[in-house]
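**Q** For reference, the file final_35.txt (compact mmCIF, C-alpha atoms) is included below:
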# COMPACT_ATOMS: atom_id res chain seq x y z
CA MET A 1 12.12 16.38 -0.89
CA SER A 2 11.05 13.41 1.24
CA PRO A 3 12.55 9.93 0.57
CA GLU A 4 9.14 8.75 -0.67
CA ARG A 5 8.81 11.50 -3.27
CA ARG A 6 12.44 11.09 -4.30
CA ALA A 7 11.73 7.39 -4.89
CA THR A 8 8.85 8.24 -7.25
CA VAL A 9 11.14 10.56 -9.24
CA VAL A 10 13.70 7.76 -9.60
CA SER A 11 10.93 5.34 -10.64
CA THR A 12 9.61 7.78 -13.25
CA SER A 13 13.06 8.33 -14.72
CA ALA A 14 13.80 4.60 -14.92
CA ALA A 15 10.40 3.86 -16.49
CA ALA A 16 10.89 6.62 -19.08
CA LEU A 17 14.26 5.19 -20.11
CA LEU A 18 12.92 1.64 -20.39
CA THR A 19 9.82 2.80 -22.26
CA PHE A 20 11.88 4.56 -24.92
CA VAL A 21 14.18 1.60 -25.54
CA LYS A 22 11.61 -1.21 -25.39
CA LEU A 23 8.95 0.58 -27.42
CA ILE A 24 11.29 1.11 -30.36
CA ILE A 25 12.52 -2.50 -30.35
CA GLY A 26 9.01 -3.88 -29.69
CA ILE A 27 7.59 -2.09 -32.73
CA LEU A 28 10.51 -3.03 -34.99
CA SER A 29 10.61 -6.69 -33.95
CA GLY A 30 6.88 -7.35 -33.78
CA SER A 31 7.41 -9.22 -30.50
CA VAL A 32 4.27 -9.23 -28.36
CA ALA A 33 6.34 -9.98 -25.27
CA VAL A 34 8.68 -7.00 -25.82
CA LEU A 35 5.78 -4.72 -26.80
CA ALA A 36 3.88 -5.86 -23.72
CA SER A 37 6.88 -5.00 -21.58
CA ALA A 38 7.10 -1.56 -23.25
CA ILE A 39 3.43 -0.85 -22.57
CA ASP A 40 3.95 -1.91 -18.97
CA SER A 41 6.83 0.59 -18.72
CA ILE A 42 4.62 3.37 -20.12
CA LEU A 43 2.07 2.63 -17.42
CA ASP A 44 4.87 2.48 -14.84
CA MET A 45 5.91 5.98 -15.83
CA GLY A 46 2.36 7.34 -15.59
CA VAL A 47 1.75 5.66 -12.25
CA SER A 48 5.03 6.96 -10.81
CA VAL A 49 4.10 10.53 -11.78
CA PHE A 50 0.69 10.05 -10.16
CA ASN A 51 2.34 8.57 -7.05
CA PHE A 52 4.60 11.62 -6.73
CA PHE A 53 1.63 13.97 -6.43
CA ALA A 54 -0.30 11.52 -4.23
CA ILE A 55 2.57 11.33 -1.73
CA LYS A 56 3.07 15.11 -1.88
CA LYS A 57 -0.61 15.58 -1.01
CA ALA A 58 -0.53 12.94 1.72
CA GLU A 59 2.40 14.72 3.40
CA GLU A 60 0.39 17.91 3.88
CA HIS A 61 -0.35 18.76 7.51
CA PRO A 62 -3.89 18.29 8.88
CA ASP A 63 -6.15 21.30 8.59
CA GLU A 64 -9.71 22.30 9.57
CA MET A 65 -11.23 20.44 6.63
CA PHE A 66 -9.02 17.36 6.98
CA PRO A 67 -8.19 17.09 10.71
CA TYR A 68 -6.84 13.54 10.26
CA GLY A 69 -4.60 14.57 7.36
CA LYS A 70 -4.73 13.20 3.82
CA GLY A 71 -2.76 9.98 4.30
CA LYS A 72 -5.46 7.85 2.68
CA ILE A 73 -4.67 9.45 -0.67
CA GLN A 74 -1.84 6.92 -0.76
CA ALA A 75 -4.33 4.06 -0.42
CA ILE A 76 -6.40 5.55 -3.25
CA ALA A 77 -3.21 5.76 -5.33
CA GLY A 78 -2.50 2.10 -4.57
CA VAL A 79 -5.96 1.05 -5.76
CA ILE A 80 -5.62 3.14 -8.93
CA GLU A 81 -2.15 1.72 -9.59
CA GLY A 82 -3.39 -1.83 -9.13
CA THR A 83 -6.31 -1.16 -11.49
CA ILE A 84 -3.98 0.26 -14.14
CA ILE A 85 -1.71 -2.76 -13.80
CA THR A 86 -4.73 -5.03 -14.26
CA LEU A 87 -5.78 -3.18 -17.42
CA SER A 88 -2.27 -3.46 -18.82
CA GLY A 89 -2.37 -7.20 -18.17
CA LEU A 90 -5.66 -7.47 -20.06
CA PHE A 91 -4.20 -5.56 -23.02
CA ILE A 92 -1.18 -7.85 -23.12
CA ILE A 93 -3.47 -10.89 -23.15
CA TYR A 94 -5.42 -9.34 -26.03
CA GLU A 95 -2.24 -8.77 -28.05
CA ALA A 96 -1.02 -12.29 -27.34
CA VAL A 97 -4.28 -13.91 -28.43
CA LYS A 98 -4.32 -11.78 -31.59
CA LYS A 99 -0.78 -12.88 -32.47
CA LEU A 100 -1.66 -16.54 -31.88
CA ILE A 101 -4.63 -16.24 -34.23
CA LYS A 102 -2.77 -14.35 -36.97
CA GLU A 103 0.48 -16.35 -36.51
CA GLU A 104 2.61 -13.21 -36.83
CA PRO A 105 6.42 -13.74 -36.87
CA THR A 106 8.98 -12.16 -34.54
CA SER A 107 12.12 -10.43 -35.86
CA TYR A 108 15.18 -8.62 -34.44
CA LEU A 109 15.55 -11.40 -31.87
CA GLY A 110 19.14 -10.64 -30.90
CA THR A 111 18.43 -6.94 -30.38
CA SER A 112 15.26 -7.75 -28.43
CA VAL A 113 17.16 -10.05 -26.06
CA GLY A 114 19.78 -7.33 -25.50
CA VAL A 115 17.11 -4.77 -24.70
CA MET A 116 15.43 -7.09 -22.20
CA LEU A 117 18.77 -7.85 -20.48
CA PHE A 118 19.33 -4.09 -20.15
CA SER A 119 15.79 -3.74 -18.79
CA ILE A 120 16.40 -6.43 -16.18
CA LEU A 121 19.56 -4.70 -14.95
CA VAL A 122 17.87 -1.29 -14.63
CA THR A 123 14.77 -2.81 -13.00
CA TRP A 124 16.83 -4.85 -10.52
CA LEU A 125 18.69 -1.73 -9.37
CA LEU A 126 15.39 0.14 -9.06
CA VAL A 127 13.76 -2.65 -7.04
CA ARG A 128 16.68 -2.71 -4.59
CA TYR A 129 16.32 1.04 -4.08
CA LEU A 130 12.53 0.97 -3.71
CA LEU A 131 12.64 -1.91 -1.22
CA ARG A 132 15.07 0.05 0.94
CA ILE A 133 12.83 3.14 0.92
CA ALA A 134 9.73 0.98 1.57
CA LYS A 135 11.45 -0.62 4.57
CA GLU A 136 12.48 2.77 5.95
CA THR A 137 9.09 4.47 5.48
CA ASP A 138 6.53 1.63 5.40
CA ASN A 139 4.77 3.63 2.69
CA ILE A 140 2.04 1.71 0.81
CA VAL A 141 2.68 3.58 -2.45
CA ILE A 142 6.40 2.76 -2.44
CA LYS A 143 5.66 -0.84 -1.44
CA ALA A 144 3.22 -1.10 -4.34
CA ASP A 145 5.81 0.35 -6.70
CA ALA A 146 8.45 -2.11 -5.45
CA LEU A 147 6.05 -5.04 -5.85
CA HIS A 148 5.15 -3.91 -9.34
CA TYR A 149 8.77 -3.69 -10.47
CA GLN A 150 9.49 -7.08 -8.89
CA THR A 151 6.83 -8.57 -11.16
CA ASP A 152 8.49 -6.69 -14.03
CA LEU A 153 11.72 -8.53 -13.25
CA LEU A 154 9.96 -11.86 -13.58
CA SER A 155 8.07 -10.85 -16.71
CA ASN A 156 11.25 -9.51 -18.34
CA GLY A 157 12.96 -12.80 -17.57
CA ALA A 158 10.05 -14.64 -19.16
CA VAL A 159 10.37 -12.45 -22.27
CA ILE A 160 14.03 -13.43 -22.64
CA VAL A 161 13.17 -17.12 -22.30
CA ALA A 162 10.42 -16.74 -24.93
CA LEU A 163 12.72 -14.94 -27.37
CA GLY A 164 15.43 -17.51 -26.79
CA ILE A 165 13.05 -20.37 -27.62
CA VAL A 166 11.87 -18.58 -30.78
CA TRP A 167 15.48 -17.98 -31.79
CA LEU A 168 16.44 -21.64 -31.37
CA THR A 169 13.27 -23.32 -32.67
CA ASP A 170 11.58 -20.75 -34.93
CA TRP A 171 8.35 -21.39 -33.00
CA HIS A 172 6.96 -17.86 -33.13
CA TRP A 173 3.82 -18.85 -31.24
CA VAL A 174 5.95 -19.28 -28.11
CA ASP A 175 6.38 -15.48 -27.94
CA ALA A 176 2.59 -15.02 -27.88
CA LEU A 177 2.18 -17.84 -25.35
CA PHE A 178 4.66 -16.26 -22.97
CA GLY A 179 2.99 -12.88 -23.50
CA LEU A 180 -0.29 -14.48 -22.46
CA GLY A 181 1.32 -15.87 -19.32
CA ILE A 182 2.90 -12.51 -18.47
CA GLY A 183 -0.49 -10.80 -18.82
CA LEU A 184 -2.11 -13.28 -16.43
CA TYR A 185 0.72 -12.92 -13.92
CA ILE A 186 0.52 -9.12 -14.03
CA ILE A 187 -3.21 -9.28 -13.22
CA TYR A 188 -2.50 -11.69 -10.37
CA SER A 189 0.19 -9.42 -8.90
CA ALA A 190 -2.13 -6.40 -9.05
CA TYR A 191 -4.65 -8.08 -6.73
CA GLU A 192 -2.42 -7.67 -3.66
CA ILE A 193 -1.88 -3.96 -4.36
CA ILE A 194 -5.61 -3.31 -4.79
CA GLU A 195 -6.51 -5.34 -1.70
CA GLU A 196 -4.03 -3.46 0.51
CA GLY A 197 -5.38 -0.08 -0.62
CA ILE A 198 -9.00 -1.11 -0.11
CA MET A 199 -8.28 -2.49 3.36
CA ILE A 200 -6.75 0.84 4.40
CA LEU A 201 -9.73 2.75 3.00
CA LEU A 202 -12.04 0.45 4.98
CA ASP A 203 -10.08 1.17 8.19
CA ARG A 204 -8.83 -2.36 8.70
CA SER A 205 -7.16 -2.80 12.08
CA LEU A 206 -3.41 -2.96 12.52
CA PRO A 207 -1.81 -6.43 12.18
CA SER A 208 -3.09 -8.85 14.84
CA GLU A 209 0.33 -9.19 16.47
CA ILE A 210 0.55 -5.41 16.92
CA VAL A 211 -2.99 -5.26 18.35
CA ALA A 212 -2.10 -8.08 20.76
CA LYS A 213 1.00 -6.21 21.94
CA ILE A 214 -1.05 -3.04 22.44
CA GLY A 215 -3.52 -5.04 24.54
CA GLU A 216 -0.65 -6.43 26.63
CA ILE A 217 0.82 -2.97 27.19
CA ILE A 218 -2.51 -1.60 28.41
CA GLY A 219 -3.61 -4.64 30.41
CA ASN A 220 -0.25 -5.20 32.14
CA HIS A 221 0.01 -1.68 33.56
CA PRO A 222 -0.18 -2.12 37.35
CA LYS A 223 -2.58 0.78 37.88
CA VAL A 224 -5.05 -0.16 35.13
CA ASN A 225 -8.04 -2.20 36.31
CA GLY A 226 -9.08 -3.10 32.77
CA TYR A 227 -9.67 -1.74 29.30
CA HIS A 228 -12.22 -1.97 26.48
CA TRP A 229 -13.23 -0.43 23.15
CA LEU A 230 -9.73 -0.89 21.72
CA LYS A 231 -9.75 0.21 18.09
CA THR A 232 -6.85 0.53 15.66
CA ARG A 233 -6.38 1.55 12.03
CA THR A 234 -3.78 3.08 9.73
CA ASP A 235 -3.81 5.46 6.79
CA GLY A 236 -0.50 4.12 5.51
CA THR A 237 1.52 6.90 7.13
CA ARG A 238 0.17 7.05 10.69
CA ASN A 239 -1.31 4.47 13.05
CA TYR A 240 -4.44 5.41 15.00
CA VAL A 241 -5.25 3.80 18.35
CA GLU A 242 -8.11 4.52 20.74
CA PHE A 243 -9.14 2.71 23.90
CA HIS A 244 -10.95 3.14 27.22
CA LEU A 245 -9.01 2.68 30.47
CA VAL A 246 -10.79 1.45 33.59
CA LEU A 247 -9.12 3.22 36.53
CA THR A 248 -9.77 3.59 40.25
CA PRO A 249 -12.62 6.12 40.70
CA GLU A 250 -10.72 8.06 43.39
CA MET A 251 -7.71 8.60 41.13
CA THR A 252 -6.89 12.22 40.28
CA LEU A 253 -6.89 13.44 36.70
CA ASP A 254 -3.17 14.11 36.97
CA GLU A 255 -2.51 10.48 37.94
CA ALA A 256 -4.71 9.19 35.14
CA HIS A 257 -2.94 11.43 32.64
CA HIS A 258 0.47 10.16 33.77
CA ILE A 259 -0.66 6.54 33.32
CA ALA A 260 -1.98 7.30 29.86
CA GLU A 261 1.31 8.93 28.87
CA GLU A 262 3.26 5.86 29.98
CA ILE A 263 1.00 3.59 27.93
CA GLU A 264 1.11 5.88 24.87
CA CYS A 265 4.90 5.98 24.97
CA ARG A 266 5.16 2.18 25.08
CA ILE A 267 2.66 1.77 22.24
CA ALA A 268 4.47 4.28 20.02
CA SER A 269 7.74 2.43 20.72
CA LEU A 270 6.32 -0.62 18.91
CA ASP A 271 7.15 1.21 15.65
CA PRO A 272 9.11 4.39 16.41
CA ASP A 273 9.48 5.30 12.72
CA LYS A 274 5.72 5.44 12.19
CA GLY A 275 3.49 8.36 13.16
CA TRP A 276 1.00 7.56 15.93
CA VAL A 277 -2.27 9.16 17.03
CA ILE A 278 -3.22 7.56 20.37
CA THR A 279 -6.47 8.57 22.09
CA PRO A 280 -7.18 7.16 25.58
CA HIS A 281 -10.43 7.64 27.50
CA PHE A 282 -10.82 7.29 31.28
CA ASP A 283 -13.61 5.26 32.91
CA PRO A 284 -14.28 4.52 36.62
CA TYR A 285 -15.86 1.18 35.59
CA ASP A 286 -16.33 -0.98 32.49
CA ASP A 287 -19.05 0.72 30.44
CA GLU A 288 -18.45 -1.00 27.12
CA HIS A 289 -22.17 -1.70 26.71
CA ILE A 290 -22.79 2.06 26.63
CA ASN A 291 -20.17 2.48 23.90
CA GLU A 292 -21.97 -0.19 21.89
CA ILE A 293 -25.25 1.72 22.29
CA TYR A 294 -23.67 4.96 21.06
CA PHE A 295 -22.03 3.12 18.17
CA ASN A 296 -25.37 1.67 17.08
CA GLY A 297 -27.14 5.03 17.21
CA GLN A 298 -29.35 4.22 20.23
CA VAL A 299 -28.49 7.36 22.18
CA ASP A 300 -31.98 7.89 23.61
CA SER A 301 -31.71 4.72 25.65
CA VAL A 302 -28.83 6.11 27.76
CA CYS A 303 -29.08 9.90 27.45
CA ALA A 304 -32.14 10.76 29.53
CA VAL A 305 -32.63 14.54 29.54
CA SER A 306 -33.65 16.21 32.78
CA PRO A 307 -36.70 18.50 32.22
CA GLU A 308 -35.53 20.86 34.98
CA SER A 309 -31.94 21.36 33.88
CA GLY A 310 -32.16 20.59 30.19
CA GLN A 311 -28.96 18.57 30.56
CA SER A 312 -28.28 14.83 30.30
For the file at hand, write its structure as structure tokens.
**A**
Amino acid sequence: MSPERRATVVSTSAAALLTFVKLIIGILSGSVAVLASAIDSILDMGVSVFNFFAIKKAEEHPDEMFPYGKGKIQAIAGVIEGTIITLSGLFIIYEAVKKLIKEEPTSYLGTSVGVMLFSILVTWLLVRYLLRIAKETDNIVIKADALHYQTDLLSNGAVIVALGIVWLTDWHWVDALFGLGIGLYIIYSAYEIIEEGIMILLDRSLPSEIVAKIGEIIGNHPKVNGYHWLKTRTDGTRNYVEFHLVLTPEMTLDEAHHIAEEIECRIASLDPDKGWVITPHFDPYDDEHINEIYFNGQVDSVCAVSPESGQS
């Protein structure tokens, strides 16, 4: 089992444990904050199970139908996870507003505080583990999971503060007020997860500093006269780079291939733990304007067909 899939199994197990404990105490105590945290754990468990199968699918090798692989499934999973987190935040806000209106009391305060302290300990250990796996793999699903559980740490801390204030002051509305704040914060935290997934699905380029380094590697090669049509993207697992090299027209194909290999090796060394698909193209001169024509679907303006040969 890959480290990414193992991480989702650990996340699922931790979420199941926290769900069981918090749900019982949340129902018994009537605390919106504890119940909100329990609902969040239920969603965590469902998302982690979904993430397991998403990562498993993304790890499948490319085939005839999917020659680029299925890495973008992870981005789809990130968007779905962020959406689920947003919906959970909306539900928590609904419960908080309802409690404020009905002025419902909160009971079992001591037990609730103990449960939330236990939840913080388990979540902190899980976050440390997920952050390590995310750093090792740079996997968007694991990063989203780590970010989600980091927000859980903050929300669990807020729940303890709310319960503590209710315990000391008997202001039961504070519990609902903190629940409202937690719901808003959860929605805010989900935005980053959704945005990252959408950007990958839209083929956003690699970070600007990486693109700049790639440009330097290509442009500084002593036998390269220039380059153009540099394009980059990632699917969350592999980085894709394509570019056109302007080389001396008299250069042999073997020489051009050797230059390309040197450049590809240096580019891949920018992040040796990440998969790379690097596609160079050789040009005897800068023909970027022709690439723009192809890209815009104006092929007839450059591909004149010879009536005699039937070839362009």
**Q** Looking at A:Asp175, A:Glu209, A:Asp44, A:Asp145, which one is nearest to Lys98 in chain A, with distances taken over all atoms listed in the file?
**A**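 Residue with the minimum atom-to-atom distance to Lys98 in chain A: A:Asp175.
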**Q** Please report the interatomic distance between CA of Gly26 in chain A and CA of Ala38 in chain A in Å with one decimal.
**A**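 One can read the CA of Gly26 in chain A to CA of Ala38 in chain A distance as 7.1 Å.
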**Q** Give me the box for range 142-157 of chain A as JSON, namely the centre and edge lengths in Å to one decimal of a box along x, y and z that holds every listed atom plus 6 Å on each side.
**A**
{"center_x": 8.1, "center_y": -5.0, "center_z": -9.9, "size_x": 21.7, "size_y": 27.6, "size_z": 28.9}
**Q** Tell me which of A:Ile140, A:Asp152, A:Glu64, A:Gly110 sits closest to Ser29 in chain A, counting all atoms listed in the file.
**A** A:Gly110
**Q** Quick one: of A:Asp235, A:Asp170, A:Glu264, A:Asp300, who's nearest to Tyr68 in chain A, counting all atoms listed in the file?
**A** A:Asp235
